[in-house]
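File shown here: upload_6.pdb, holding PDB, C-alpha atoms.
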ATOM      1  CA  MET K   1       7.104 -57.230 -22.475  1.00  0.00           C
ATOM      2  CA  ILE K   2       4.076 -55.510 -20.900  1.00  0.00           C
ATOM      3  CA  MET K   3       5.952 -55.038 -17.623  1.00  0.00           C
ATOM      4  CA  ARG K   4       8.862 -53.491 -19.463  1.00  0.00           C
ATOM      5  CA  MET K   5       6.547 -51.045 -21.305  1.00  0.00           C
ATOM      6  CA  ARG K   6       4.877 -50.108 -18.009  1.00  0.00           C
ATOM      7  CA  ARG K   7       8.270 -49.380 -16.471  1.00  0.00           C
ATOM      8  CA  ILE K   8       9.248 -47.256 -19.445  1.00  0.00           C
ATOM      9  CA  LEU K   9       5.918 -45.412 -19.289  1.00  0.00           C
ATOM     10  CA  VAL K  10       6.249 -44.827 -15.536  1.00  0.00           C
ATOM     11  CA  GLY K  11       9.822 -43.664 -16.065  1.00  0.00           C
ATOM     12  CA  LEU K  12       8.719 -41.236 -18.759  1.00  0.00           C
ATOM     13  CA  LEU K  13       5.940 -39.894 -16.525  1.00  0.00           C
ATOM     14  CA  VAL K  14       8.388 -39.408 -13.636  1.00  0.00           C
ATOM     15  CA  LEU K  15      10.833 -37.697 -15.977  1.00  0.00           C
ATOM     16  CA  ALA K  16       8.107 -35.437 -17.363  1.00  0.00           C
ATOM     17  CA  ALA K  17       6.938 -34.514 -13.862  1.00  0.00           C
ATOM     18  CA  ALA K  18      10.486 -33.802 -12.730  1.00  0.00           C
ATOM     19  CA  SER K  19      11.180 -31.595 -15.725  1.00  0.00           C
ATOM     20  CA  CYS K  20       8.218 -29.299 -15.041  1.00  0.00           C
ATOM     21  CA  VAL K  21       9.448 -25.878 -14.058  1.00  0.00           C
ATOM     22  CA  THR K  22       7.665 -24.093 -11.275  1.00  0.00           C
ATOM     23  CA  ILE K  23       8.068 -20.355 -11.168  1.00  0.00           C
ATOM     24  CA  ASN K  24       7.402 -18.766  -7.828  1.00  0.00           C
ATOM     25  CA  ILE K  25       6.563 -15.123  -8.179  1.00  0.00           C
ATOM     26  CA  TYR K  26       7.842 -13.528  -5.026  1.00  0.00           C
ATOM     27  CA  PHE K  27       6.348 -10.292  -3.777  1.00  0.00           C
ATOM     28  CA  PRO K  28       8.263  -8.767  -0.839  1.00  0.00           C
ATOM     29  CA  ALA K  29       5.185  -7.632   1.100  1.00  0.00           C
ATOM     30  CA  ALA K  30       6.942  -7.157   4.433  1.00  0.00           C
ATOM     31  CA  ALA K  31       9.604  -4.955   2.868  1.00  0.00           C
ATOM     32  CA  VAL K  32       6.998  -2.904   0.985  1.00  0.00           C
ATOM     33  CA  GLU K  33       5.012  -2.478   4.230  1.00  0.00           C
ATOM     34  CA  LYS K  34       8.120  -1.243   6.021  1.00  0.00           C
ATOM     35  CA  ALA K  35       8.891   1.169   3.168  1.00  0.00           C
ATOM     36  CA  ALA K  36       5.274   2.390   3.124  1.00  0.00           C
ATOM     37  CA  GLU K  37       5.377   3.137   6.855  1.00  0.00           C
ATOM     38  CA  GLN K  38       8.621   5.081   6.473  1.00  0.00           C
ATOM     39  CA  ILE K  39       7.346   7.040   3.481  1.00  0.00           C
ATOM     40  CA  VAL K  40       4.012   7.939   5.110  1.00  0.00           C
ATOM     41  CA  ASP K  41       5.808   9.000   8.294  1.00  0.00           C
ATOM     42  CA  GLU K  42       8.222  11.109   6.252  1.00  0.00           C
ATOM     43  CA  ILE K  43       5.436  12.747   4.253  1.00  0.00           C
ATOM     44  CA  ARG K  44       3.503  13.613   7.390  1.00  0.00           C
ATOM     45  CA  SER K  45       6.484  14.629   9.521  1.00  0.00           C
ATOM     46  CA  GLY K  46       6.789  18.150  10.817  1.00  0.00           C
ATOM     47  CA  VAL K  47       3.046  18.621  11.117  1.00  0.00           C
ATOM     48  CA  PRO K  48       1.621  18.599  14.642  1.00  0.00           C
ATOM     49  CA  ALA K  49      -0.657  15.626  15.015  1.00  0.00           C
ATOM     50  CA  VAL K  50      -3.858  15.447  16.966  1.00  0.00           C
ATOM     51  CA  PRO K  51      -3.362  12.767  19.624  1.00  0.00           C
ATOM     52  CA  ALA K  52      -4.964   9.572  18.438  1.00  0.00           C
ATOM     53  CA  VAL K  53      -7.282   7.619  20.656  1.00  0.00           C
ATOM     54  CA  PRO K  54      -5.769   4.138  21.017  1.00  0.00           C
ATOM     55  CA  PRO K  55      -7.977   1.256  19.924  1.00  0.00           C
ATOM     56  CA  ALA K  56      -9.887  -0.530  22.667  1.00  0.00           C
ATOM     57  CA  ASP K  57      -7.905  -3.713  22.133  1.00  0.00           C
ATOM     58  CA  ASN K  58      -4.332  -3.091  21.048  1.00  0.00           C
ATOM     59  CA  THR K  59      -3.258  -6.725  20.979  1.00  0.00           C
ATOM     60  CA  PRO K  60      -1.156  -8.300  18.241  1.00  0.00           C
ATOM     61  CA  ALA K  61      -4.282 -10.201  17.161  1.00  0.00           C
ATOM     62  CA  ASP K  62      -5.382  -7.002  15.396  1.00  0.00           C
ATOM     63  CA  LYS K  63      -2.288  -6.956  13.168  1.00  0.00           C
ATOM     64  CA  PRO K  64      -2.600 -10.039  10.899  1.00  0.00           C
ATOM     65  CA  GLN K  65      -5.486  -8.519   8.962  1.00  0.00           C
ATOM     66  CA  SER K  66      -3.226  -5.698   7.801  1.00  0.00           C
ATOM     67  CA  ARG K  67      -0.497  -8.130   6.804  1.00  0.00           C
ATOM     68  CA  ARG K  68      -2.411 -10.493   4.575  1.00  0.00           C
ATOM     69  CA  TYR K  69       0.343 -10.661   1.920  1.00  0.00           C
ATOM     70  CA  LEU K  70       2.892 -12.039   4.395  1.00  0.00           C
ATOM     71  CA  GLU K  71       1.440 -15.514   4.073  1.00  0.00           C
ATOM     72  CA  LEU K  72       2.727 -15.692   0.494  1.00  0.00           C
ATOM     73  CA  ILE K  73       6.395 -15.909   1.499  1.00  0.00           C
ATOM     74  CA  PRO K  74       8.417 -17.398   4.322  1.00  0.00           C
ATOM     75  CA  ALA K  75       9.215 -14.932   7.106  1.00  0.00           C
ATOM     76  CA  ALA K  76      12.950 -15.581   6.803  1.00  0.00           C
ATOM     77  CA  HIS K  77      12.942 -14.350   3.208  1.00  0.00           C
ATOM     78  CA  ALA K  78      10.739 -11.346   3.968  1.00  0.00           C
ATOM     79  CA  ALA K  79      13.256  -9.986   6.461  1.00  0.00           C
ATOM     80  CA  ASP K  80      16.136 -10.210   3.976  1.00  0.00           C
ATOM     81  CA  VAL K  81      14.617  -8.044   1.263  1.00  0.00           C
ATOM     82  CA  ASP K  82      15.271  -4.322   1.042  1.00  0.00           C
ATOM     83  CA  ILE K  83      13.069  -2.152  -1.146  1.00  0.00           C
ATOM     84  CA  ASN K  84      14.715   0.675  -3.065  1.00  0.00           C
ATOM     85  CA  VAL K  85      12.840   3.892  -2.301  1.00  0.00           C
ATOM     86  CA  SER K  86      15.735   6.260  -2.879  1.00  0.00           C
ATOM     87  CA  THR K  87      15.602   6.872  -6.608  1.00  0.00           C
ATOM     88  CA  ALA K  88      15.518  10.490  -7.746  1.00  0.00           C
ATOM     89  CA  ALA K  89      11.925  10.077  -8.909  1.00  0.00           C
ATOM     90  CA  ILE K  90      10.766   8.625  -5.572  1.00  0.00           C
ATOM     91  CA  ARG K  91      12.574  11.339  -3.613  1.00  0.00           C
ATOM     92  CA  GLY K  92      10.930  14.015  -5.748  1.00  0.00           C
ATOM     93  CA  LEU K  93       7.466  12.510  -5.296  1.00  0.00           C
ATOM     94  CA  LYS K  94       7.933  12.248  -1.525  1.00  0.00           C
ATOM     95  CA  GLU K  95       9.027  15.900  -1.338  1.00  0.00           C
ATOM     96  CA  SER K  96       6.042  17.011  -3.409  1.00  0.00           C
ATOM     97  CA  MET K  97       3.635  15.071  -1.174  1.00  0.00           C
ATOM     98  CA  LYS K  98       5.341  16.327   1.982  1.00  0.00           C
ATOM     99  CA  ALA K  99       5.016  19.940   0.822  1.00  0.00           C
ATOM    100  CA  ARG K 100       1.325  19.418  -0.013  1.00  0.00           C
ATOM    101  CA  PHE K 101       0.361  17.618   3.189  1.00  0.00           C
ATOM    102  CA  PRO K 102       0.035  20.713   5.453  1.00  0.00           C
ATOM    103  CA  ARG K 103      -2.521  22.148   3.007  1.00  0.00           C
ATOM    104  CA  LEU K 104      -4.459  18.866   2.930  1.00  0.00           C
ATOM    105  CA  LEU K 105      -4.350  18.448   6.704  1.00  0.00           C
ATOM    106  CA  ALA K 106      -7.060  21.018   7.445  1.00  0.00           C
ATOM    107  CA  PHE K 107      -9.358  19.334   4.926  1.00  0.00           C
ATOM    108  CA  TYR K 108      -8.707  15.891   6.462  1.00  0.00           C
ATOM    109  CA  ARG K 109      -9.621  17.307   9.861  1.00  0.00           C
ATOM    110  CA  GLN K 110     -12.790  18.970   8.493  1.00  0.00           C
ATOM    111  CA  GLY K 111     -13.925  15.728   6.878  1.00  0.00           C
ATOM    112  CA  ALA K 112     -13.769  17.181   3.379  1.00  0.00           C
ATOM    113  CA  VAL K 113     -11.273  14.539   2.239  1.00  0.00           C
ATOM    114  CA  GLY K 114     -10.577  10.966   3.269  1.00  0.00           C
ATOM    115  CA  GLU K 115      -8.222   8.054   2.695  1.00  0.00           C
ATOM    116  CA  GLY K 116      -9.549   5.584   0.127  1.00  0.00           C
ATOM    117  CA  ARG K 117      -9.223   1.833   0.073  1.00  0.00           C
ATOM    118  CA  ASP K 118      -7.094   2.044  -3.083  1.00  0.00           C
ATOM    119  CA  GLY K 119      -4.347   4.255  -1.683  1.00  0.00           C
ATOM    120  CA  LEU K 120      -5.809   7.459  -3.097  1.00  0.00           C
ATOM    121  CA  VAL K 121      -7.377  10.520  -1.462  1.00  0.00           C
ATOM    122  CA  TYR K 122     -11.028  11.356  -2.087  1.00  0.00           C
ATOM    123  CA  ALA K 123     -13.014  14.559  -1.756  1.00  0.00           C
ATOM    124  CA  ARG K 124     -15.905  13.516   0.477  1.00  0.00           C
ATOM    125  CA  GLN K 125     -17.912  16.273   2.048  1.00  0.00           C
ATOM    126  CA  LEU K 126     -17.208  19.434   0.151  1.00  0.00           C
ATOM    127  CA  ASP K 127     -20.079  21.114   1.961  1.00  0.00           C
ATOM    128  CA  GLN K 128     -17.706  21.149   4.969  1.00  0.00           C
ATOM    129  CA  VAL K 129     -15.515  23.767   3.274  1.00  0.00           C
ATOM    130  CA  SER K 130     -16.206  27.249   1.982  1.00  0.00           C
ATOM    131  CA  LEU K 131     -17.195  27.718  -1.623  1.00  0.00           C
ATOM    132  CA  LYS K 132     -13.812  29.263  -2.500  1.00  0.00           C
ATOM    133  CA  ASP K 133     -11.953  26.288  -0.935  1.00  0.00           C
ATOM    134  CA  ARG K 134     -13.808  23.664  -2.967  1.00  0.00           C
ATOM    135  CA  ALA K 135     -11.634  24.307  -6.011  1.00  0.00           C
ATOM    136  CA  VAL K 136      -8.544  24.160  -3.781  1.00  0.00           C
ATOM    137  CA  VAL K 137      -9.628  20.774  -2.374  1.00  0.00           C
ATOM    138  CA  SER K 138     -10.264  19.396  -5.851  1.00  0.00           C
ATOM    139  CA  ARG K 139      -6.874  20.588  -7.070  1.00  0.00           C
ATOM    140  CA  LEU K 140      -5.013  19.237  -4.024  1.00  0.00           C
ATOM    141  CA  VAL K 141      -6.765  15.851  -4.300  1.00  0.00           C
ATOM    142  CA  ALA K 142      -5.927  15.594  -8.011  1.00  0.00           C
ATOM    143  CA  GLU K 143      -2.270  16.517  -7.416  1.00  0.00           C
ATOM    144  CA  GLU K 144      -1.950  14.119  -4.467  1.00  0.00           C
ATOM    145  CA  ASN K 145      -3.486  11.233  -6.400  1.00  0.00           C
ATOM    146  CA  ARG K 146      -1.236  11.886  -9.379  1.00  0.00           C
ATOM    147  CA  ASP K 147       1.829  11.759  -7.120  1.00  0.00           C
ATOM    148  CA  ARG K 148       0.614   8.683  -5.220  1.00  0.00           C
ATOM    149  CA  GLY K 149      -0.032   6.783  -8.448  1.00  0.00           C
ATOM    150  CA  ALA K 150       3.397   7.773  -9.742  1.00  0.00           C
ATOM    151  CA  LEU K 151       4.992   6.759  -6.420  1.00  0.00           C
ATOM    152  CA  TYR K 152       3.442   3.285  -6.493  1.00  0.00           C
ATOM    153  CA  GLY K 153       4.486   2.816 -10.113  1.00  0.00           C
ATOM    154  CA  GLU K 154       8.009   4.025  -9.437  1.00  0.00           C
ATOM    155  CA  ILE K 155       8.403   1.636  -6.486  1.00  0.00           C
ATOM    156  CA  VAL K 156       7.328  -1.239  -8.740  1.00  0.00           C
ATOM    157  CA  ARG K 157       9.683  -0.123 -11.523  1.00  0.00           C
ATOM    158  CA  ALA K 158      12.695   0.616  -9.288  1.00  0.00           C
ATOM    159  CA  ASN K 159      12.428  -2.785  -7.623  1.00  0.00           C
ATOM    160  CA  GLN K 160      11.456  -4.770 -10.738  1.00  0.00           C
ATOM    161  CA  LEU K 161       8.406  -6.213  -8.968  1.00  0.00           C
ATOM    162  CA  GLY K 162       6.520  -7.108 -12.145  1.00  0.00           C
ATOM    163  CA  ASN K 163       3.319  -6.002 -13.844  1.00  0.00           C
ATOM    164  CA  THR K 164       0.927  -7.386 -11.262  1.00  0.00           C
ATOM    165  CA  ALA K 165       2.646  -5.773  -8.271  1.00  0.00           C
ATOM    166  CA  ALA K 166       1.145  -2.293  -8.676  1.00  0.00           C
ATOM    167  CA  ALA K 167      -2.176  -3.344  -7.130  1.00  0.00           C
ATOM    168  CA  LYS K 168      -0.381  -4.982  -4.200  1.00  0.00           C
ATOM    169  CA  VAL K 169       1.798  -1.922  -3.604  1.00  0.00           C
ATOM    170  CA  SER K 170      -1.203   0.430  -3.672  1.00  0.00           C
ATOM    171  CA  ALA K 171      -3.152  -1.879  -1.316  1.00  0.00           C
ATOM    172  CA  ILE K 172      -0.268  -1.859   1.177  1.00  0.00           C
ATOM    173  CA  PHE K 173       0.018   1.909   0.978  1.00  0.00           C
ATOM    174  CA  ALA K 174      -3.760   2.242   1.363  1.00  0.00           C
ATOM    175  CA  ARG K 175      -3.672   0.285   4.620  1.00  0.00           C
ATOM    176  CA  THR K 176      -0.681   2.291   5.827  1.00  0.00           C
ATOM    177  CA  PHE K 177      -2.298   5.649   5.044  1.00  0.00           C
ATOM    178  CA  ARG K 178      -5.495   4.518   6.798  1.00  0.00           C
ATOM    179  CA  ASP K 179      -3.639   3.068   9.804  1.00  0.00           C
ATOM    180  CA  LYS K 180      -1.694   6.298  10.256  1.00  0.00           C
ATOM    181  CA  ALA K 181      -4.733   8.562   9.842  1.00  0.00           C
ATOM    182  CA  GLU K 182      -5.607  10.725  12.832  1.00  0.00           C
ATOM    183  CA  SER K 183      -8.629  10.022  14.956  1.00  0.00           C
ATOM    184  CA  GLY K 184     -11.626  11.733  13.339  1.00  0.00           C
ATOM    185  CA  TRP K 185     -10.398  11.419   9.748  1.00  0.00           C
ATOM    186  CA  TRP K 186     -12.548   9.608   7.207  1.00  0.00           C
ATOM    187  CA  VAL K 187     -11.219   6.298   5.911  1.00  0.00           C
ATOM    188  CA  GLN K 188     -12.701   3.811   3.480  1.00  0.00           C
ATOM    189  CA  ASP K 189     -12.656   0.165   4.493  1.00  0.00           C
ATOM    190  CA  ASP K 190     -11.848  -2.688   2.101  1.00  0.00           C
ATOM    191  CA  GLY K 191     -15.570  -3.103   1.364  1.00  0.00           C
ATOM    192  CA  GLY K 192     -15.913   0.511   0.190  1.00  0.00           C
ATOM    193  CA  SER K 193     -17.758   1.899   3.229  1.00  0.00           C
ATOM    194  CA  TRP K 194     -16.631   5.185   4.746  1.00  0.00           C
ATOM    195  CA  ARG K 195     -16.218   5.616   8.482  1.00  0.00           C
ATOM    196  CA  LYS K 196     -14.611   8.029  10.871  1.00  0.00           C
ATOM    197  CA  LYS K 197     -11.476   6.666  12.419  1.00  0.00           C
TER
END
Rewritten as structure tokens:
Amino acid sequence: MIMRMRRILVGLLVLAAASCVTINIYFPAAAVEKAAEQIVDEIRSGVPAVPAVPPADNTPADKPQSRRYLELIPAAHAADVDINVSTAAIRGLKESMKARFPRLLAFYRQGAVGEGRDGLVYARQLDQVSLKDRAVVSRLVAEENRDRGALYGEIVRANQLGNTAAAKVSAIFARTFRDKAESGWWVQDDGGSWRKK
């Protein structure tokens, strides 16, 4: 009788364990990174770049740090996902940012603005610009950050990535904006410290 009850109990435990539902929340980091690179390139296209000084060690060992979300999903699945960045809202935001970028470029190069760790632009050294340009910098930074925030939110919404994805999207864009910054621009590292690239 005791053996029979133990078997029933073990059977119930196995059944209970088997009936547990595991929900894997998938975030397509590789696809978002690819989309971020394309969007940043598009926004900054048409503006002559200052040649960047290549890093001292340009080996693939430098890359994994910028791809920390890839470990969450198998590589085979990451390659299959395509992120929708062609909605009317996203196209409008990209055009707005692209039109604004030439005006921001001079301020990036002067050190008056820099790329933040959260995917936003920050006014840094306003003493580097004339008094009349300080209001212009503040306005451009506010407009750019409004559009960037809307872009990240629209990417999440258009691709149904879920409520928690906005921080991941902005972190990926932050790394992309910093990686594609010209030599001499100010960028904020993940710890919050500012440095010249």
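With all atoms listed in the file as the atoms that count, the residue of K:Ala150, K:Ile2, K:Ala36, K:Ile8 with the shortest distance to K:Asp179 is K:Ala36.
Here atom CA of K:Gln38 is placed at a distance of 26.6 Å from atom CA of K:Arg124.
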**Request:** Taking (-0.4, -2.3, 3.7) in the file's own coordinates, collect the residues within 8 Å, counting only C-alpha atoms, and hand them back as a PyMOL selection string.
**Result:** chain K and resi 32-33+36+66-67+169-176
**Request:** Quick one: everything within 12 Å of stretch 159-161 of chain K, counting all atoms listed in the file, minus sequence neighbours fewer than 2 positions away in the same chain. Send it as a ChimeraX atom specification.
**Result:** /K:25-29,31-32,81-87,90,152-157,163-169
Taking C-alpha atoms for each residue, export the selection above as a PDB file, in the coordinates of the input.
ATOM      1  CA  ILE K  25       6.563 -15.123  -8.179  1.00  0.00           C
ATOM      2  CA  TYR K  26       7.842 -13.528  -5.026  1.00  0.00           C
ATOM      3  CA  PHE K  27       6.348 -10.292  -3.777  1.00  0.00           C
ATOM      4  CA  PRO K  28       8.263  -8.767  -0.839  1.00  0.00           C
ATOM      5  CA  ALA K  29       5.185  -7.632   1.100  1.00  0.00           C
ATOM      6  CA  ALA K  31       9.604  -4.955   2.868  1.00  0.00           C
ATOM      7  CA  VAL K  32       6.998  -2.904   0.985  1.00  0.00           C
ATOM      8  CA  VAL K  81      14.617  -8.044   1.263  1.00  0.00           C
ATOM      9  CA  ASP K  82      15.271  -4.322   1.042  1.00  0.00           C
ATOM     10  CA  ILE K  83      13.069  -2.152  -1.146  1.00  0.00           C
ATOM     11  CA  ASN K  84      14.715   0.675  -3.065  1.00  0.00           C
ATOM     12  CA  VAL K  85      12.840   3.892  -2.301  1.00  0.00           C
ATOM     13  CA  SER K  86      15.735   6.260  -2.879  1.00  0.00           C
ATOM     14  CA  THR K  87      15.602   6.872  -6.608  1.00  0.00           C
ATOM     15  CA  ILE K  90      10.766   8.625  -5.572  1.00  0.00           C
ATOM     16  CA  TYR K 152       3.442   3.285  -6.493  1.00  0.00           C
ATOM     17  CA  GLY K 153       4.486   2.816 -10.113  1.00  0.00           C
ATOM     18  CA  GLU K 154       8.009   4.025  -9.437  1.00  0.00           C
ATOM     19  CA  ILE K 155       8.403   1.636  -6.486  1.00  0.00           C
ATOM     20  CA  VAL K 156       7.328  -1.239  -8.740  1.00  0.00           C
ATOM     21  CA  ARG K 157       9.683  -0.123 -11.523  1.00  0.00           C
ATOM     22  CA  ASN K 163       3.319  -6.002 -13.844  1.00  0.00           C
ATOM     23  CA  THR K 164       0.927  -7.386 -11.262  1.00  0.00           C
ATOM     24  CA  ALA K 165       2.646  -5.773  -8.271  1.00  0.00           C
ATOM     25  CA  ALA K 166       1.145  -2.293  -8.676  1.00  0.00           C
ATOM     26  CA  ALA K 167      -2.176  -3.344  -7.130  1.00  0.00           C
ATOM     27  CA  LYS K 168      -0.381  -4.982  -4.200  1.00  0.00           C
ATOM     28  CA  VAL K 169       1.798  -1.922  -3.604  1.00  0.00           C
TER      29      VAL K 169
END
**Selection dump of the PyMOL selection byres ((chain K and resi 140) around 12), as a VMD selection string** = chain K and resid 96 to 97 99 to 108 112 to 113 120 to 123 133 to 139 141 to 147
**Prompt:** How many Å lie between atom CA of K:Gly119 and atom CA of K:Ser193, rounded to one decimal?
**Reply:** 14.5 Å
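The gap separating atom CA of K:Arg117 from atom CA of K:Asp189 is 5.8 Å, in Å to one decimal.
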**Shell of 9 Å around K:Arg195, all atoms listed in the file, local chain residues under 6 positions omitted, as a PyMOL selection string** = chain K and resi 185-189
Around stretch 149-167 of chain K, fit a box with edges along x, y and z, padding it by 8 Å on each side, then list its centre and edge lengths in Å to one decimal as AutoDock Vina command-line options.
--center_x 5.3 --center_y 0.2 --center_z -10.1 --size_x 30.9 --size_y 31.2 --size_z 23.4
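The nearest approach to K:Gly192 among the residues K:Phe177, K:Ser130, K:Asp118, K:Gly162, with only C-alpha atoms taken into account, belongs to K:Asp118.
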**Proximity to K:Glu115 - best of K:Ala35, K:Gln128, K:Arg6, K:Lys180, all atoms listed in the file** = K:Lys180
Could you pull stretch 112-134 of chain K out of the structure just shown and give N, CA and C atoms as a short mmCIF file (atom, residue, chain, number, x, y, z; two decimals), in the first residue's frame?
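So decode13.cif came out as:
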data_model
loop_
_atom_site.label_atom_id
_atom_site.label_comp_id
_atom_site.auth_asym_id
_atom_site.auth_seq_id
_atom_site.Cartn_x
_atom_site.Cartn_y
_atom_site.Cartn_z
N ALA K 112 30.80 70.32 -27.79
CA ALA K 112 29.68 70.91 -27.06
C ALA K 112 28.60 69.88 -26.76
N VAL K 113 28.51 68.84 -27.58
CA VAL K 113 27.54 67.77 -27.35
C VAL K 113 28.25 66.42 -27.45
N GLY K 114 27.65 65.41 -26.86
CA GLY K 114 28.23 64.07 -26.90
C GLY K 114 27.15 63.01 -26.87
N GLU K 115 27.56 61.80 -27.22
CA GLU K 115 26.66 60.64 -27.24
C GLU K 115 26.61 59.99 -25.87
N GLY K 116 25.41 59.92 -25.29
CA GLY K 116 25.23 59.35 -23.96
C GLY K 116 25.12 57.85 -23.96
N ARG K 117 25.25 57.29 -22.79
CA ARG K 117 25.18 55.83 -22.63
C ARG K 117 23.76 55.30 -22.76
N ASP K 118 22.78 56.19 -22.78
CA ASP K 118 21.37 55.78 -22.86
C ASP K 118 20.76 55.99 -24.24
N GLY K 119 21.61 56.31 -25.23
CA GLY K 119 21.09 56.50 -26.58
C GLY K 119 20.61 57.91 -26.85
N LEU K 120 20.88 58.83 -25.93
CA LEU K 120 20.48 60.22 -26.10
C LEU K 120 21.72 61.09 -26.29
N VAL K 121 21.49 62.32 -26.75
CA VAL K 121 22.55 63.30 -26.94
C VAL K 121 22.55 64.23 -25.73
N TYR K 122 23.73 64.65 -25.31
CA TYR K 122 23.83 65.55 -24.16
C TYR K 122 24.65 66.78 -24.51
N ALA K 123 24.18 67.94 -24.04
CA ALA K 123 24.99 69.15 -24.11
C ALA K 123 26.06 69.00 -23.04
N ARG K 124 27.31 69.15 -23.43
CA ARG K 124 28.42 68.90 -22.50
C ARG K 124 29.16 70.18 -22.15
N GLN K 125 29.82 70.74 -23.10
CA GLN K 125 30.67 71.89 -22.84
C GLN K 125 30.16 73.08 -23.62
N LEU K 126 29.14 73.70 -23.08
CA LEU K 126 28.55 74.83 -23.79
C LEU K 126 29.48 76.03 -23.86
N ASP K 127 30.52 76.03 -23.04
CA ASP K 127 31.49 77.12 -23.13
C ASP K 127 32.32 77.01 -24.41
N GLN K 128 32.18 75.91 -25.15
CA GLN K 128 32.87 75.72 -26.42
C GLN K 128 32.16 76.42 -27.58
N VAL K 129 30.95 76.91 -27.34
CA VAL K 129 30.19 77.57 -28.39
C VAL K 129 29.90 79.00 -27.98
N SER K 130 29.59 79.82 -28.97
CA SER K 130 29.28 81.23 -28.69
C SER K 130 27.99 81.32 -27.87
N LEU K 131 27.84 82.44 -27.25
CA LEU K 131 26.66 82.67 -26.40
C LEU K 131 25.37 82.52 -27.20
N LYS K 132 25.35 83.04 -28.42
CA LYS K 132 24.12 82.95 -29.24
C LYS K 132 23.83 81.51 -29.67
N ASP K 133 24.86 80.65 -29.77
CA ASP K 133 24.66 79.27 -30.19
C ASP K 133 24.22 78.35 -29.05
N ARG K 134 24.33 78.80 -27.82
CA ARG K 134 23.96 77.94 -26.70
C ARG K 134 22.48 77.57 -26.73
#
